[in-house]
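Structure below is run-v2.txt: compact mmCIF, C-alpha atoms and all ligand atoms.
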```
# COMPACT_ATOMS: atom_id res chain seq x y z
CA MET M 942 -6.63 -7.17 -5.67
CA LYS M 943 -7.83 -4.19 -3.58
CA TYR M 944 -10.31 -1.79 -5.16
CA ILE M 945 -9.86 1.89 -4.44
CA LEU M 946 -12.23 4.65 -5.49
CA ILE M 947 -10.42 7.93 -5.96
CA THR M 948 -12.57 10.99 -6.44
CA GLY M 949 -11.20 14.14 -8.03
CA GLY M 950 -8.42 12.09 -9.59
CA ALA M 951 -8.15 14.35 -12.64
CA GLY M 952 -7.09 17.30 -10.47
CA PHE M 953 -3.65 18.22 -9.23
CA VAL M 954 -3.16 16.13 -6.09
CA GLY M 955 -5.55 13.36 -7.15
CA SER M 956 -3.75 12.71 -10.45
CA ASN M 957 -0.35 12.68 -8.74
CA PHE M 958 -1.79 10.24 -6.18
CA ILE M 959 -3.10 7.95 -8.92
CA GLU M 960 0.30 7.89 -10.62
CA TYR M 961 2.06 7.22 -7.33
CA LEU M 962 -0.33 4.40 -6.48
CA PHE M 963 -0.27 2.90 -9.95
CA LYS M 964 3.52 2.78 -10.08
CA GLY M 965 4.24 1.48 -6.59
CA PHE M 966 1.20 -0.54 -5.48
CA LYS M 967 0.47 -3.25 -8.00
CA ASP M 968 -2.20 -4.87 -5.83
CA TYR M 969 -4.61 -1.93 -6.23
CA TYR M 970 -7.27 -1.51 -8.91
CA ILE M 971 -7.98 2.21 -9.28
CA ILE M 972 -11.37 3.69 -10.09
CA ASN M 973 -11.33 7.43 -10.69
CA LEU M 974 -14.55 9.46 -10.44
CA ASP M 975 -14.22 13.05 -11.53
CA LYS M 976 -16.71 15.64 -12.74
CA LEU M 977 -14.02 17.34 -14.85
CA THR M 978 -14.71 20.87 -13.70
CA TYR M 979 -12.38 23.61 -14.98
CA ALA M 980 -9.80 22.14 -12.54
CA GLY M 981 -9.97 18.55 -13.80
CA ASN M 982 -7.84 17.56 -16.77
CA LEU M 983 -7.64 14.07 -18.25
CA LYS M 984 -4.30 15.00 -19.74
CA ASN M 985 -3.01 14.64 -16.17
CA LEU M 986 -3.66 10.92 -16.50
CA GLU M 987 -2.67 10.23 -20.07
CA ARG M 988 0.12 7.91 -18.99
CA MET M 989 -2.32 5.63 -17.19
CA ASN M 990 -2.46 2.15 -18.53
CA LYS M 991 -6.02 0.81 -18.66
CA GLY M 992 -5.08 -2.50 -17.02
CA ARG M 993 -5.67 -1.60 -13.39
CA TYR M 994 -7.52 1.65 -13.92
CA ASN M 995 -10.92 2.91 -14.98
CA PHE M 996 -12.34 6.40 -15.24
CA PHE M 997 -15.92 7.57 -14.67
CA LYS M 998 -17.02 11.09 -15.43
CA GLY M 999 -19.49 12.17 -12.77
CA ASP M 1000 -20.34 14.20 -9.71
CA ILE M 1001 -19.69 12.99 -6.17
CA LYS M 1002 -23.14 14.39 -5.33
CA ASP M 1003 -24.77 11.89 -7.71
CA PHE M 1004 -25.83 8.86 -5.62
CA GLY M 1005 -26.60 6.85 -8.77
CA ILE M 1006 -23.15 6.99 -10.33
CA VAL M 1007 -21.28 6.35 -7.08
CA ASP M 1008 -23.58 3.43 -6.28
CA LYS M 1009 -23.10 2.08 -9.82
CA ILE M 1010 -19.34 2.04 -9.24
CA PHE M 1011 -19.91 0.04 -6.05
CA SER M 1012 -22.08 -2.46 -7.88
CA LYS M 1013 -19.45 -2.89 -10.60
CA TYR M 1014 -16.42 -3.13 -8.29
CA PRO M 1015 -15.98 -4.42 -4.71
CA VAL M 1016 -14.69 -1.05 -3.47
CA ASP M 1017 -12.60 -1.39 -0.28
CA SER M 1018 -11.55 2.20 0.18
CA ILE M 1019 -12.38 5.71 -0.94
CA VAL M 1020 -9.93 8.59 -1.06
CA ASN M 1021 -11.90 11.76 -1.53
CA PHE M 1022 -9.86 14.44 -3.28
CA ALA M 1023 -12.84 15.90 -5.17
CA ALA M 1024 -13.39 19.46 -4.11
CA GLU M 1025 -13.72 23.01 -5.16
CA SER M 1026 -10.30 24.13 -4.01
CA HIS M 1027 -9.57 27.75 -4.83
CA VAL M 1028 -10.01 30.25 -1.97
CA ASP M 1029 -10.44 33.28 -4.27
CA ARG M 1030 -13.28 31.57 -6.13
CA SER M 1031 -14.93 30.64 -2.82
CA LEU M 1032 -15.00 34.32 -1.84
CA LYS M 1033 -16.91 35.15 -5.02
CA LYS M 1034 -19.18 32.10 -5.37
CA PRO M 1035 -19.35 30.07 -2.15
CA GLN M 1036 -22.36 27.92 -2.97
CA VAL M 1037 -20.66 25.39 -5.23
CA PHE M 1038 -18.04 24.92 -2.48
CA LEU M 1039 -20.76 23.91 -0.03
CA GLU M 1040 -22.39 21.68 -2.63
CA THR M 1041 -19.25 19.71 -3.48
CA ASN M 1042 -17.21 19.95 -0.28
CA VAL M 1043 -20.10 19.24 2.11
CA ILE M 1044 -23.10 17.68 0.30
CA GLY M 1045 -20.76 15.74 -2.01
CA VAL M 1046 -18.99 14.24 1.02
CA GLN M 1047 -22.32 13.30 2.60
CA ASN M 1048 -23.34 11.53 -0.60
CA LEU M 1049 -20.08 9.54 -0.75
CA LEU M 1050 -20.53 8.59 2.91
CA ASP M 1051 -24.11 7.45 2.27
CA VAL M 1052 -23.11 5.23 -0.64
CA ALA M 1053 -20.16 3.81 1.29
CA LEU M 1054 -22.38 3.05 4.27
CA LYS M 1055 -25.09 1.45 2.13
CA ASN M 1056 -22.57 -0.89 0.51
CA TRP M 1057 -20.25 -1.52 3.45
CA LYS M 1058 -22.52 -1.68 6.48
CA SER M 1059 -22.94 -5.47 6.47
CA ASN M 1060 -19.15 -5.82 6.70
CA LEU M 1061 -17.07 -2.81 7.69
CA ARG M 1062 -13.87 -4.85 8.11
CA ASP M 1063 -10.89 -3.65 6.05
CA LYS M 1064 -12.88 -0.73 4.64
CA LYS M 1065 -11.73 2.85 4.85
CA PHE M 1066 -12.92 6.33 3.91
CA ILE M 1067 -10.12 8.87 3.59
CA GLN M 1068 -11.19 12.49 3.60
CA VAL M 1069 -8.48 14.73 2.19
CA SER M 1070 -8.66 17.99 4.09
CA THR M 1071 -6.39 20.96 4.59
CA ASP M 1072 -4.31 22.87 7.16
CA GLU M 1073 -6.57 25.82 6.35
CA VAL M 1074 -9.25 24.38 8.68
CA TYR M 1075 -7.21 25.68 11.65
CA GLY M 1076 -7.35 29.23 10.30
CA ASP M 1077 -4.69 31.86 10.81
CA ARG M 1078 -1.92 30.64 13.16
CA GLN M 1079 0.13 33.85 13.26
CA GLY M 1080 1.42 34.29 16.79
CA CYS M 1081 0.02 30.87 17.80
CA GLU M 1082 1.59 27.51 18.50
CA PRO M 1083 1.58 25.07 15.58
CA ALA M 1084 -1.83 23.36 15.38
CA ASP M 1085 -1.99 19.72 16.37
CA GLU M 1086 -4.93 17.49 15.52
CA SER M 1087 -6.86 18.54 18.65
CA THR M 1088 -6.56 22.28 18.01
CA ILE M 1089 -9.90 24.06 17.63
CA LEU M 1090 -10.93 24.59 14.00
CA ASN M 1091 -11.24 28.22 13.01
CA PRO M 1092 -11.70 28.57 9.22
CA SER M 1093 -11.41 31.96 7.55
CA SER M 1094 -12.79 31.48 4.03
CA PRO M 1095 -15.87 29.80 2.56
CA TYR M 1096 -13.43 27.22 1.13
CA SER M 1097 -11.92 26.28 4.49
CA ALA M 1098 -15.34 26.45 6.19
CA SER M 1099 -16.68 23.98 3.62
CA LYS M 1100 -13.72 21.66 4.24
CA VAL M 1101 -14.52 21.77 7.98
CA GLY M 1102 -18.13 20.87 7.10
CA GLY M 1103 -16.96 17.84 5.10
CA GLU M 1104 -14.71 16.69 7.95
CA MET M 1105 -17.48 17.01 10.52
CA LEU M 1106 -19.75 14.76 8.47
CA VAL M 1107 -17.01 12.14 8.19
CA LYS M 1108 -16.52 12.21 11.97
CA ALA M 1109 -20.27 11.97 12.54
CA TYR M 1110 -20.60 8.91 10.24
CA GLY M 1111 -17.69 7.35 12.10
CA ARG M 1112 -19.30 7.89 15.48
CA SER M 1113 -22.93 7.12 14.54
CA TYR M 1114 -22.46 4.28 12.06
CA SER M 1115 -18.93 3.08 12.93
CA LEU M 1116 -17.74 3.94 9.43
CA PRO M 1117 -13.94 3.48 9.38
CA TYR M 1118 -12.18 6.68 8.34
CA ASN M 1119 -9.14 8.91 8.49
CA ILE M 1120 -9.02 12.64 7.92
CA VAL M 1121 -5.80 14.04 6.46
CA ARG M 1122 -5.01 17.73 6.97
CA SER M 1123 -2.35 18.46 4.38
CA SER M 1124 -0.41 21.67 3.99
CA ASN M 1125 0.11 23.58 0.70
CA ASN M 1126 1.06 21.17 -2.09
CA TYR M 1127 3.20 22.08 -5.07
CA GLY M 1128 4.58 20.10 -8.01
CA PRO M 1129 3.69 19.01 -11.55
CA LYS M 1130 0.18 19.35 -12.98
CA GLN M 1131 -1.17 22.06 -10.69
CA HIS M 1132 -3.72 24.42 -12.23
CA LYS M 1133 -2.21 27.77 -13.14
CA GLU M 1134 -4.63 29.70 -10.92
CA LYS M 1135 -2.52 28.57 -7.93
CA LEU M 1136 0.52 30.53 -6.70
CA ILE M 1137 3.49 28.46 -7.92
CA PRO M 1138 2.32 27.71 -11.50
CA LEU M 1139 1.04 31.28 -11.72
CA ILE M 1140 4.49 32.63 -10.84
CA ILE M 1141 6.14 30.36 -13.42
CA GLU M 1142 3.61 31.17 -16.14
CA ARG M 1143 3.78 34.93 -15.61
CA ILE M 1144 7.57 35.07 -15.58
CA MET M 1145 7.80 32.87 -18.69
CA SER M 1146 5.28 35.02 -20.55
CA LYS M 1147 7.14 38.17 -19.43
CA ASN M 1148 4.20 39.45 -17.39
CA LYS M 1149 4.24 40.73 -13.86
CA VAL M 1150 3.36 38.32 -11.07
CA PRO M 1151 0.55 39.61 -8.83
CA ILE M 1152 1.52 39.17 -5.17
CA TYR M 1153 -1.14 39.74 -2.52
CA GLY M 1154 -0.52 42.45 0.11
CA ASP M 1155 3.07 42.54 1.31
CA GLY M 1156 3.82 38.97 0.15
CA LYS M 1157 4.85 37.97 3.66
CA GLN M 1158 2.12 35.36 4.17
CA LYS M 1159 3.77 32.16 5.39
CA ARG M 1160 2.86 28.70 4.17
CA ASP M 1161 4.12 25.18 4.78
CA TRP M 1162 4.93 23.92 1.25
CA ILE M 1163 4.95 20.17 0.70
CA PHE M 1164 6.06 18.48 -2.53
CA VAL M 1165 3.01 16.66 -3.87
CA GLU M 1166 4.76 13.27 -3.97
CA ASP M 1167 5.55 13.53 -0.25
CA ASN M 1168 1.89 14.26 0.40
CA CYS M 1169 0.78 11.27 -1.72
CA ARG M 1170 3.18 8.99 0.16
CA GLY M 1171 1.76 10.25 3.45
CA ILE M 1172 -1.86 9.72 2.36
CA MET M 1173 -1.04 6.18 1.24
CA LYS M 1174 0.63 5.46 4.56
CA ILE M 1175 -2.46 6.73 6.38
CA LEU M 1176 -4.72 4.61 4.16
CA GLU M 1177 -2.74 1.46 4.86
CA GLU M 1178 -1.56 1.98 8.43
CA GLY M 1179 -3.52 4.90 9.94
CA LYS M 1180 -5.41 4.07 13.12
CA ASP M 1181 -9.13 3.93 12.53
CA ARG M 1182 -11.05 7.19 13.08
CA GLU M 1183 -7.94 9.29 13.58
CA ILE M 1184 -6.98 12.61 12.09
CA TYR M 1185 -3.45 13.23 10.79
CA ASN M 1186 -1.71 16.52 10.01
CA LEU M 1187 0.61 16.20 7.03
CA GLY M 1188 3.20 18.87 6.29
CA THR M 1189 6.87 19.76 6.44
CA GLU M 1190 6.62 22.07 9.50
CA LYS M 1191 8.82 24.59 7.63
CA LEU M 1192 7.34 27.94 6.71
CA THR M 1193 8.23 30.09 3.72
CA GLU M 1194 6.94 33.54 2.82
CA ASN M 1195 5.18 33.83 -0.55
CA ILE M 1196 7.68 36.44 -1.62
CA ASP M 1197 10.54 34.02 -0.97
CA ILE M 1198 8.81 31.36 -3.07
CA PHE M 1199 8.71 33.93 -5.84
CA LYS M 1200 12.44 34.72 -5.43
CA ILE M 1201 13.48 31.04 -5.52
CA ILE M 1202 11.45 30.40 -8.68
CA PHE M 1203 12.75 33.56 -10.33
CA LYS M 1204 16.35 32.43 -9.64
CA GLU M 1205 15.61 28.92 -10.94
CA LEU M 1206 14.07 30.24 -14.14
CA LYS M 1207 16.83 32.78 -14.70
CA GLU M 1208 19.36 29.95 -14.73
CA LYS M 1209 17.34 28.10 -17.37
CA ILE M 1210 15.78 30.69 -19.67
CA GLU M 1211 16.49 34.25 -20.70
CA ILE M 1212 14.89 36.77 -18.35
CA GLU M 1213 15.67 40.45 -18.36
CA GLY M 1214 16.03 42.52 -15.19
CA ASN M 1215 15.92 41.40 -11.59
CA TYR M 1216 13.08 39.88 -9.61
CA LYS M 1217 11.65 43.25 -8.55
CA ASP M 1218 10.83 44.04 -12.19
CA SER M 1219 8.57 40.98 -12.34
CA ILE M 1220 6.42 41.68 -9.28
CA GLU M 1221 3.25 43.67 -8.89
CA PHE M 1222 1.90 43.94 -5.34
CA VAL M 1223 -1.91 43.86 -5.46
CA GLU M 1224 -4.67 44.45 -2.91
CA ASP M 1225 -4.72 41.65 -0.37
CA ARG M 1226 -7.29 38.85 -0.45
CA LEU M 1227 -10.27 39.33 1.91
CA GLY M 1228 -9.62 37.67 5.27
CA HIS M 1229 -6.24 36.41 4.02
CA ASP M 1230 -4.61 34.15 6.63
CA ARG M 1231 -1.07 35.25 7.43
CA GLU M 1232 0.24 31.90 8.52
CA TYR M 1233 -0.59 28.22 8.63
CA ARG M 1234 1.40 26.16 11.11
CA LEU M 1235 1.09 22.44 11.60
CA ASN M 1236 2.46 20.19 14.28
CA CYS M 1237 3.07 16.85 12.50
CA ASP M 1238 4.42 14.84 15.47
CA LYS M 1239 1.56 12.35 15.28
CA ILE M 1240 2.15 11.08 11.73
CA LYS M 1241 5.90 10.92 12.35
CA ARG M 1242 5.51 9.10 15.66
CA GLU M 1243 2.70 6.68 14.70
CA LEU M 1244 3.41 6.02 11.04
CA GLY M 1245 7.08 6.91 10.64
CA TRP M 1246 6.32 9.31 7.79
CA LYS M 1247 8.47 12.35 7.17
CA PRO M 1248 8.93 14.59 4.14
CA ALA M 1249 11.75 13.60 1.78
CA VAL M 1250 11.94 16.50 -0.68
CA LYS M 1251 13.47 19.83 0.36
CA LEU M 1252 11.79 22.99 -0.90
CA GLU M 1253 14.59 24.11 -3.25
CA GLU M 1254 14.86 20.61 -4.74
CA GLY M 1255 11.08 20.33 -5.18
CA LEU M 1256 10.82 23.75 -6.75
CA GLU M 1257 13.64 22.92 -9.16
CA LYS M 1258 11.80 19.75 -10.24
CA THR M 1259 8.57 21.70 -10.54
CA VAL M 1260 10.10 24.47 -12.67
CA GLU M 1261 11.75 21.87 -14.94
CA TRP M 1262 8.42 20.10 -15.35
CA TYR M 1263 6.58 23.29 -16.36
CA LEU M 1264 9.36 24.20 -18.79
CA LYS M 1265 8.88 20.84 -20.49
CA ASN M 1266 5.08 21.00 -20.37
CA THR M 1267 4.38 24.52 -21.55
CA GLU M 1268 0.74 23.76 -22.40
CA TYR M 1269 0.08 23.90 -18.64
N1 LIG C 1301 -3.53 21.62 -3.49
C1 LIG C 1301 -3.26 21.81 -2.22
O1 LIG C 1301 -2.32 22.53 -1.87
C2 LIG C 1301 -4.09 21.16 -1.14
C3 LIG C 1301 -3.68 21.28 0.19
C4 LIG C 1301 -4.43 20.65 1.18
C5 LIG C 1301 -5.57 19.96 0.84
N2 LIG C 1301 -5.96 19.88 -0.45
C6 LIG C 1301 -7.17 19.14 -0.76
O2 LIG C 1301 -6.81 18.12 -1.68
C7 LIG C 1301 -7.86 17.88 -2.59
C8 LIG C 1301 -7.36 18.02 -4.00
O3 LIG C 1301 -6.86 19.33 -4.18
P1 LIG C 1301 -6.31 19.79 -5.62
O4 LIG C 1301 -5.40 20.90 -5.41
O5 LIG C 1301 -5.89 18.60 -6.38
O6 LIG C 1301 -7.65 20.33 -6.27
P2 LIG C 1301 -7.98 20.58 -7.80
O7 LIG C 1301 -8.91 21.75 -7.81
O8 LIG C 1301 -6.74 20.61 -8.62
O9 LIG C 1301 -8.78 19.26 -8.23
C9 LIG C 1301 -10.07 18.98 -7.80
C10 LIG C 1301 -10.63 17.88 -8.68
O10 LIG C 1301 -11.94 17.56 -8.20
C11 LIG C 1301 -12.84 17.48 -9.31
N3 LIG C 1301 -14.17 17.84 -8.82
C12 LIG C 1301 -14.60 19.06 -8.39
N4 LIG C 1301 -15.89 18.99 -8.02
C13 LIG C 1301 -16.29 17.69 -8.22
C14 LIG C 1301 -17.50 17.00 -8.01
N5 LIG C 1301 -18.57 17.62 -7.52
N6 LIG C 1301 -17.55 15.69 -8.30
C15 LIG C 1301 -16.46 15.04 -8.80
N7 LIG C 1301 -15.28 15.66 -9.04
C16 LIG C 1301 -15.19 16.98 -8.74
C17 LIG C 1301 -12.28 18.47 -10.32
O11 LIG C 1301 -12.74 18.19 -11.63
C18 LIG C 1301 -10.77 18.27 -10.15
O12 LIG C 1301 -10.32 17.23 -10.98
C19 LIG C 1301 -8.97 18.85 -2.22
O13 LIG C 1301 -9.90 18.18 -1.42
C20 LIG C 1301 -8.26 19.93 -1.44
O14 LIG C 1301 -9.13 20.52 -0.50
C21 LIG C 1301 -5.25 20.46 -1.45
```

Output the structure of this file as structure tokens.
Amino acid sequence: MKYILITGGAGFVGSNFIEYLFKGFKDYYIINLDKLTYAGNLKNLERMNKGRYNFFKGDIKDFGIVDKIFSKYPVDSIVNFAAESHVDRSLKKPQVFLETNVIGVQNLLDVALKNWKSNLRDKKFIQVSTDEVYGDRQGCEPADESTILNPSSPYSASKVGGEMLVKAYGRSYSLPYNIVRSSNNYGPKQHKEKLIPLIIERIMSKNKVPIYGDGKQKRDWIFVEDNCRGIMKILEEGKDREIYNLGTEKLTENIDIFKIIFKELKEKIEIEGNYKDSIEFVEDRLGHDREYRLNCDKIKRELGWKPAVKLEEGLEKTVEWYLKNTEY
């Protein structure tokens, strides 16, 4: 049995990752450490069977609890999803982003090093990062893993900080790691503060959807299951101390995401009027990046990963899921 510590596993991507791992990888015992902030929800994991899974409520900044997990289980790998993740919140209250996304990472690295340093073989620390670390790519080539980092928000700056610590522990202490720079995820169980669930919730409750600026910001949307499959591939086959971009390399404007969801919902539930009646353009976010663009050649070439779910298909699944799970 391999023992994997997943942090932030009660959040959107983390809980999807746990389900993916639990279903398809029977040789893993999963330990989930989550502080259960406003973004963490144990309901996301209610289908978990206790057999190969245990949950600890706690903060990744707390050396004691992380070390306790290591003394209870022979942890082989850590996948760090735990983060403050919402850009708008980071613009209002950046400190907690630095605390979790930087100091929290340092604490996890310290505990890993303490427990692994006598034998680093077959150990791995996966830091889940974001395409936002490259900053705005409008008018630029797609960013590959060597592109200079140029974050625009306190959120993305804090994710850069976390990555830099991971790299430094790799170089100074030979800690085995991979950094994954994923694009925008969507799918079941995402918190409704994020664009896609927000659009669905507002249309269903017959309220207008606030769209920032002109709505023409472009994002690379990846279905969460494709992202989880990529992270797992990197965990198992990624070359030590390498960084991998993980996205679809297809860009869609926010306004087009809105139109696709509106059309999907209109086919399934009663909605009056056309899509224009459901939109309200609002003042743009401070420093809002126009475009994220990833070059994902490396993960395709080295690990043979590629996305499987097309945007329309993924959005259809997502809409269906939210219609069935209205408490979200
Ligand atoms: N969602 C995306 O589109 C996306 C894209 C690229 C990268 N990422 C990265 O993936 C990771 C997960 O993102 P998400 O969308 O699932 O986030 P989320 O906000 O839905 O979940 C974060 C989880 O971390 C937990 N958490 C927060 N602070 C903690 C702390 N100090 N200690 C322990 N647990 C804590 C929360 O309770 C929550 O369960 C993040 O690191 C994020 O930067 C997300």

Which residues come within 9 Å of M:Asp1225, counting only C-alpha atoms, excluding same-chain residues fewer than 6 positions away, as a PyMOL selection string?
chain M and resi 1152-1156

Name the closest residue to M:Arg1226 among the candidates M:Asp1238, M:Asp1029, M:Asp1008, M:Glu1194; distances are taken between atoms, counting only C-alpha atoms.
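For M:Arg1226, the nearest of the given residues is M:Asp1029.
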
Smallest atom-to-atom distance to M:Asn1186: which of M:Asp1072, M:Glu1243, M:Asp1218, M:Glu1213, using all atoms listed in the file?
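Looking only at the distances to M:Asn1186, the closest residue turns out to be M:Asp1072.
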
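Nearest residue to ligand LIG 1301 (chain C), choosing from M:Leu1192, M:Ile1240, M:Ile1201, M:Ile1120 and counting all atoms listed in the file: M:Ile1120.
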
Between atom CA of M:Leu1235 and atom CA of M:Glu1254, what is the spacing in Å?
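So the answer is 21.4 Å.
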
Provide the atom CA of M:His1229 to atom CA of M:Val1028 distance in Å, to one decimal place.
9.4 Å

Point out the residue among M:Ile1163, M:Val1107, M:Leu977, M:Leu1244 with the least atom-to-atom distance to M:Glu1177, counting all atoms listed in the file.
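So, comparing all the options, the nearest one is M:Leu1244.
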
Which residues, written as a PyMOL selection string, have at least one atom at most 10 Å from M:Tyr1118, with only C-alpha atoms counted and residues fewer than 3 positions away on the same chain left out?
chain M and resi 1018-1020+1064-1068+1107-1108+1110-1111+1115+1121+1175-1176+1179-1184

Residue contacts of M:Gly1102 (10 Å, only C-alpha atoms) excluding same-chain residues fewer than 2 positions away, as a PyMOL selection string:
chain M and resi 1039+1042-1044+1046-1047+1074+1096-1100+1104-1107

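Shortest atom-to-atom contact with ligand LIG 1301 (chain C) among M:Glu1025, M:Glu1166, M:Asp968, M:Asp1003: M:Glu1025, counting all atoms listed in the file.
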
So, with all atoms listed in the file as the atoms that count, which of M:Tyr969, M:Phe953, M:Phe963, M:Tyr1263 lies closest to M:Pro1138?
M:Tyr1263

Give as a count of residues only the set of residues within 7 Å of the point (2.8, 17.1, -11.2), where distances use the file's coordinates and all atoms listed in the file.
6

Neighbours of ligand LIG 1301 (chain C) at 7 Å or closer, counting all atoms listed in the file: which residues, as a ChimeraX atom specification?
/M:948-955,974-982,999-1002,1021-1027,1041,1045,1069-1072,1100,1122-1127,1131-1132

In Å, with one decimal, what is the gap from atom CA of M:Lys1135 to atom CA of M:Glu1253?
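Those two atoms sit 18.3 Å apart.
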
Export N, CA and C atoms of stretch 1109-1129 of chain M from the structure just given, as a PDB file, in the first residue's frame?
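Okay, selection13.pdb is ready:
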```pdb
ATOM      1  N   ALA M1109      13.398  25.551  -3.918  1.00  0.00           N
ATOM      2  CA  ALA M1109      14.561  25.741  -3.040  1.00  0.00           C
ATOM      3  C   ALA M1109      14.822  24.498  -2.182  1.00  0.00           C
ATOM      4  N   TYR M1110      13.756  23.856  -1.687  1.00  0.00           N
ATOM      5  CA  TYR M1110      13.942  22.630  -0.884  1.00  0.00           C
ATOM      6  C   TYR M1110      14.453  21.486  -1.773  1.00  0.00           C
ATOM      7  N   GLY M1111      14.057  21.513  -3.024  1.00  0.00           N
ATOM      8  CA  GLY M1111      14.571  20.516  -3.964  1.00  0.00           C
ATOM      9  C   GLY M1111      16.063  20.695  -4.175  1.00  0.00           C
ATOM     10  N   ARG M1112      16.464  21.927  -4.400  1.00  0.00           N
ATOM     11  CA  ARG M1112      17.874  22.208  -4.687  1.00  0.00           C
ATOM     12  C   ARG M1112      18.748  22.038  -3.421  1.00  0.00           C
ATOM     13  N   SER M1113      18.285  22.609  -2.299  1.00  0.00           N
ATOM     14  CA  SER M1113      19.139  22.609  -1.099  1.00  0.00           C
ATOM     15  C   SER M1113      19.151  21.272  -0.367  1.00  0.00           C
ATOM     16  N   TYR M1114      17.990  20.605  -0.337  1.00  0.00           N
ATOM     17  CA  TYR M1114      17.906  19.378   0.476  1.00  0.00           C
ATOM     18  C   TYR M1114      17.600  18.142  -0.361  1.00  0.00           C
ATOM     19  N   SER M1115      17.621  18.298  -1.689  1.00  0.00           N
ATOM     20  CA  SER M1115      17.321  17.190  -2.616  1.00  0.00           C
ATOM     21  C   SER M1115      15.922  16.616  -2.440  1.00  0.00           C
ATOM     22  N   LEU M1116      15.016  17.406  -1.931  1.00  0.00           N
ATOM     23  CA  LEU M1116      13.636  16.915  -1.756  1.00  0.00           C
ATOM     24  C   LEU M1116      13.012  16.646  -3.135  1.00  0.00           C
ATOM     25  N   PRO M1117      12.520  15.425  -3.375  1.00  0.00           N
ATOM     26  CA  PRO M1117      11.920  15.141  -4.693  1.00  0.00           C
ATOM     27  C   PRO M1117      10.577  15.865  -4.839  1.00  0.00           C
ATOM     28  N   TYR M1118      10.383  16.519  -5.966  1.00  0.00           N
ATOM     29  CA  TYR M1118       9.125  17.262  -6.138  1.00  0.00           C
ATOM     30  C   TYR M1118       8.734  17.366  -7.602  1.00  0.00           C
ATOM     31  N   ASN M1119       7.469  17.706  -7.813  1.00  0.00           N
ATOM     32  CA  ASN M1119       7.008  18.264  -9.088  1.00  0.00           C
ATOM     33  C   ASN M1119       6.110  19.447  -8.784  1.00  0.00           C
ATOM     34  N   ILE M1120       6.141  20.411  -9.665  1.00  0.00           N
ATOM     35  CA  ILE M1120       5.198  21.540  -9.587  1.00  0.00           C
ATOM     36  C   ILE M1120       4.273  21.418 -10.794  1.00  0.00           C
ATOM     37  N   VAL M1121       2.968  21.540 -10.539  1.00  0.00           N
ATOM     38  CA  VAL M1121       1.983  21.425 -11.618  1.00  0.00           C
ATOM     39  C   VAL M1121       1.312  22.776 -11.796  1.00  0.00           C
ATOM     40  N   ARG M1122       1.400  23.331 -12.992  1.00  0.00           N
ATOM     41  CA  ARG M1122       0.732  24.620 -13.253  1.00  0.00           C
ATOM     42  C   ARG M1122      -0.513  24.363 -14.095  1.00  0.00           C
ATOM     43  N   SER M1123      -1.634  24.213 -13.398  1.00  0.00           N
ATOM     44  CA  SER M1123      -2.899  23.876 -14.070  1.00  0.00           C
ATOM     45  C   SER M1123      -3.627  25.138 -14.516  1.00  0.00           C
ATOM     46  N   SER M1124      -4.422  24.954 -15.573  1.00  0.00           N
ATOM     47  CA  SER M1124      -5.263  26.066 -16.025  1.00  0.00           C
ATOM     48  C   SER M1124      -6.584  26.049 -15.245  1.00  0.00           C
ATOM     49  N   ASN M1125      -7.538  26.890 -15.679  1.00  0.00           N
ATOM     50  CA  ASN M1125      -8.815  27.025 -14.955  1.00  0.00           C
ATOM     51  C   ASN M1125      -9.620  25.728 -14.963  1.00  0.00           C
ATOM     52  N   ASN M1126      -9.881  25.195 -13.798  1.00  0.00           N
ATOM     53  CA  ASN M1126     -10.683  23.961 -13.679  1.00  0.00           C
ATOM     54  C   ASN M1126     -12.169  24.296 -13.610  1.00  0.00           C
ATOM     55  N   TYR M1127     -12.984  23.376 -14.110  1.00  0.00           N
ATOM     56  CA  TYR M1127     -14.426  23.479 -13.889  1.00  0.00           C
ATOM     57  C   TYR M1127     -14.966  22.065 -13.739  1.00  0.00           C
ATOM     58  N   GLY M1128     -16.162  21.951 -13.149  1.00  0.00           N
ATOM     59  CA  GLY M1128     -16.763  20.632 -12.951  1.00  0.00           C
ATOM     60  C   GLY M1128     -17.568  20.615 -11.667  1.00  0.00           C
ATOM     61  N   PRO M1129     -17.998  19.413 -11.246  1.00  0.00           N
ATOM     62  CA  PRO M1129     -18.804  19.287 -10.032  1.00  0.00           C
ATOM     63  C   PRO M1129     -18.066  19.772  -8.790  1.00  0.00           C
TER      64      PRO M1129
END
```
